[in-house]
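The next block holds one structure in the form of structure tokens; read it before the comments.
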Amino acid sequence: MYLCKTGLVRMDKSTSKNRFHYSIFLMFGLCALFPVRRLAYFRNWKKVVFWLLNFIIIFGDLSLNVSILIQGKAFLGTANFFVRLVPVIHRLILCTSLNDLVLLSKKVIAQSEALNTSGLDRYMKWAHFSGLLSFSMFLPFFVLSLLSMEDSEASLILFGKKPMQQFVIILLISLYLLFLLLLLLPMNIFAIFYVCLCLNLKCIMDSFSASIQSGLKHEAELVLSQYLLIRQLVEITDSKTSILMFTSSLYNASTMYLGVAVWLHPEEHSIYSMCAVLFLFVTSSVAFISMTLSASLVYEVNSSLSHKAHMQITNGRKYTEAQEQFLRMVEKELCLTVWKIVPLKRSFLLATIGTVFTYSILVENVQNNVQAISINTKT
């Protein structure tokens, strides 16, 4: 129940925007199975229940994953296994990081209020649009996933004449969809949280950049201290969220590989299965693109700030030691990363999509050649 400037603290649901934020982080609490804001105050027995419920969900999904992997088909094989394994890892990390994310959001809102950031509402419309678009894809995905089971062996029991078997298979399908919901939903909830966090950081740096014109001349020490605080806030944000951005990137790569595997073998799947994979791919792609673009804004604003400060300080005048130190600091690269490995820039988005798509096709072709060779050998 925490979100950026209008929602990082407990929200008033009187306005439409706050109602939107409230609904998003109400689902965030659902993903955690307990309200996020109370996690730090759990008694021991509540913490045990919290971890027990998460363990049941994760164990149940891993059991389904093993059965899927054993079947060995393209759609129900390795690609689908990793699409479901990555959210399990993401959920585990998210469960251990909820308190840190709440504290981080409070620091961001405090800094935002201190600098009187403007223009945040305009940027938040992008987060609203991407979040609603991503969530709107879940309903057709679940419907198509259910319809795709019609062609499976389970349909023989589901539409057969034995009531007990019908009840069991309906219960298993319900549990399957529940596990799917509680594992895939945290991916999208974190994506919206991450986008809003990055947009706040971008607005904080914009406000700081607009205020340094006169400050660099007369109060360079104060400007330097403010910039160091902002830089520290960005680095803390990166340390708390970079590993979750890494799992989000893996999830996007897995859904792209699953999509390529399915669409290269349309004869093995029903139209429902293919459309379900398409909706899953679009959902993950919208979330991933939104996260990457919003994170790249932090790097771009800092680069613009560096250019602006350099033009003001070195414009034919001697500069003080504090101004020189500020120049050295602002010229250092400042950006969010993917688990401290790759900086999040616009080029990362194109490179990732192109690389994953190319290697997905390559891996599928290799697997097809291996299968063909094994068949020829047997014959």
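Lettering and numbering for the structure tokens are positional, with chains as A, B, ... in the shown order, residues counted from 1 in each chain, and ligands counted from 1 in the shown order.
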**OP:** Tell me, as number ranges by chain, which residues lie within 10 Å of Ser304 (chain A), counting only C-alpha atoms; anything in the same chain fewer than 6 positions away does not count.
**Re:** A: 206, 209, 310, 330
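Using only C-alpha atoms, the residues found no farther than 12 Å from Val282 (chain A), other than those of its own chain fewer than 3 positions away, are Ser130, Leu133, Ser134, Phe135, Ser136, Met137, Phe138, Pro140, Phe141, Asn188, Asn252, Thr255, Met256, Gly259, Cys275, Ala276, Val277, Leu278, Phe279, Ser285, Val286, Ala287, Phe288 and Ile289 of chain A.
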Original post:
If you count only C-alpha atoms, which residues fall within 6 Å of region 319-329 of chain A, apart from same-chain ones fewer than 2 positions away, as a list of chain:residue names?
Top reply: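 Neighbouring residues, sequence-local ones excluded: A:Ala220, A:Glu221, A:Leu224, A:Glu331, A:Lys332.
Non-sequential neighbours of Ser360 (chain A) (distance at most 8 Å, separation of 3 or more positions within a chain, only C-alpha atoms) are Met256, Tyr257, Val260, Ala261, Val356, Phe357, Val363 and Glu364 of chain A.
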Original post:
If you run DSSP on the backbone, which residues of region 262-355 of chain A are strand (DSSP E or B), as an NGL selection string?
Top reply: :A and (337-338 or 342-343)
Print the selection's residues with all heavy atoms to a file, as an mmCIF file, in the first residue's frame.
data_model
loop_
_atom_site.group_PDB
_atom_site.id
_atom_site.type_symbol
_atom_site.label_atom_id
_atom_site.label_comp_id
_atom_site.auth_asym_id
_atom_site.auth_seq_id
_atom_site.Cartn_x
_atom_site.Cartn_y
_atom_site.Cartn_z
ATOM 1 N N THR A 337 20.763 -0.525 -12.550
ATOM 2 C CA THR A 337 21.387 -1.648 -13.235
ATOM 3 C C THR A 337 20.538 -2.906 -13.109
ATOM 4 O O THR A 337 19.560 -2.953 -12.361
ATOM 5 C CB THR A 337 22.787 -1.940 -12.650
ATOM 6 O OG1 THR A 337 22.640 -2.346 -11.266
ATOM 7 C CG2 THR A 337 23.673 -0.714 -12.720
ATOM 8 N N VAL A 338 20.961 -3.908 -13.863
ATOM 9 C CA VAL A 338 20.388 -5.256 -13.760
ATOM 10 C C VAL A 338 21.353 -6.094 -12.928
ATOM 11 O O VAL A 338 22.337 -6.626 -13.452
ATOM 12 C CB VAL A 338 20.171 -5.881 -15.151
ATOM 13 C CG1 VAL A 338 19.578 -7.278 -15.022
ATOM 14 C CG2 VAL A 338 19.281 -4.999 -16.000
ATOM 15 N N VAL A 342 24.584 -4.897 -15.826
ATOM 16 C CA VAL A 342 24.362 -4.110 -17.040
ATOM 17 C C VAL A 342 23.606 -2.834 -16.665
ATOM 18 O O VAL A 342 22.586 -2.903 -15.970
ATOM 19 C CB VAL A 342 23.548 -4.902 -18.077
ATOM 20 C CG1 VAL A 342 23.371 -4.089 -19.358
ATOM 21 C CG2 VAL A 342 24.207 -6.235 -18.366
ATOM 22 N N PRO A 343 24.077 -1.660 -17.088
ATOM 23 C CA PRO A 343 23.335 -0.420 -16.823
ATOM 24 C C PRO A 343 22.060 -0.365 -17.658
ATOM 25 O O PRO A 343 22.026 -0.817 -18.804
ATOM 26 C CB PRO A 343 24.323 0.680 -17.228
ATOM 27 C CG PRO A 343 25.242 0.031 -18.207
ATOM 28 C CD PRO A 343 25.352 -1.394 -17.785
#
Original post:
From the set A:Thr247, A:Ser225, A:Ser174, A:Ser242, which residue has the shortest atom-to-atom contact distance to Leu92 (chain A), counting only C-alpha atoms?
Top reply: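 The answer is A:Thr247, which sits nearest to Leu92 (chain A).
When the distance limit is 12 Å and only C-alpha atoms are what count, the residues near Asn302 (chain A), minus those fewer than 6 positions from it on the same chain, are A:Leu201, A:Lys202, A:Cys203, A:Ile204, A:Met205, A:Asp206, A:Ser207, A:Phe208, A:Ser209, A:Tyr227, A:Ile230, A:Arg231, A:Val234, A:Ala295, A:Ser296, A:Lys308, A:Ala309, A:Leu327, A:Met329, A:Val330, A:Glu331, A:Lys332, A:Glu333, A:Leu334, A:Cys335, A:Leu336.
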Subject >> Option closest in space to Leu132 (chain A), from A:Ala191, A:Lys318, A:Ser239, A:Phe281 [counting only C-alpha atoms] >> reply: A:Ala191
**OP:** Name the residues of region 107-145 of chain A that fall into helix (DSSP H, G or I) according to DSSP on the backbone, using the chain letters and numbers of this document, as a PyMOL selection string.
**Re:** chain A and resi 107-114+120-136+138-145
Original post:
Skipping near chain neighbours, those fewer than 4 positions away, what residues fall within 8 Å of Leu94 (chain A) using only C-alpha atoms, listed as a ChimeraX atom specification?
Top reply: /A:90,98,244
Original post:
So, counting only C-alpha atoms, which residue among A:Val370, A:Leu103, A:Ile56, A:Leu258 is closest to Leu182 (chain A)?
Top reply: A:Ile56
Subject >> Shortest interatomic distance to Lys345 (chain A) - which of A:Ile375, A:Ala253, A:Leu297, A:Leu175, counting only C-alpha atoms >> reply: A:Leu297
Original post:
Taking only C-alpha atoms into account, which of A:Lys106, A:Arg84, A:Ser270, A:His128 comes nearest Leu181 (chain A)?
Top reply: A:Arg84
**OP:** Have a look at A:Ser347, A:Thr355, A:Thr237, A:Ser294 and name the one nearest to Asp100 (chain A); count only C-alpha atoms.
**Re:** A:Thr237
Original post:
Quick one: distance from CA of Thr96 (chain A) to CA of Lys240 (chain A) in Å, one decimal?
Top reply: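 So the answer is 10.9 Å.
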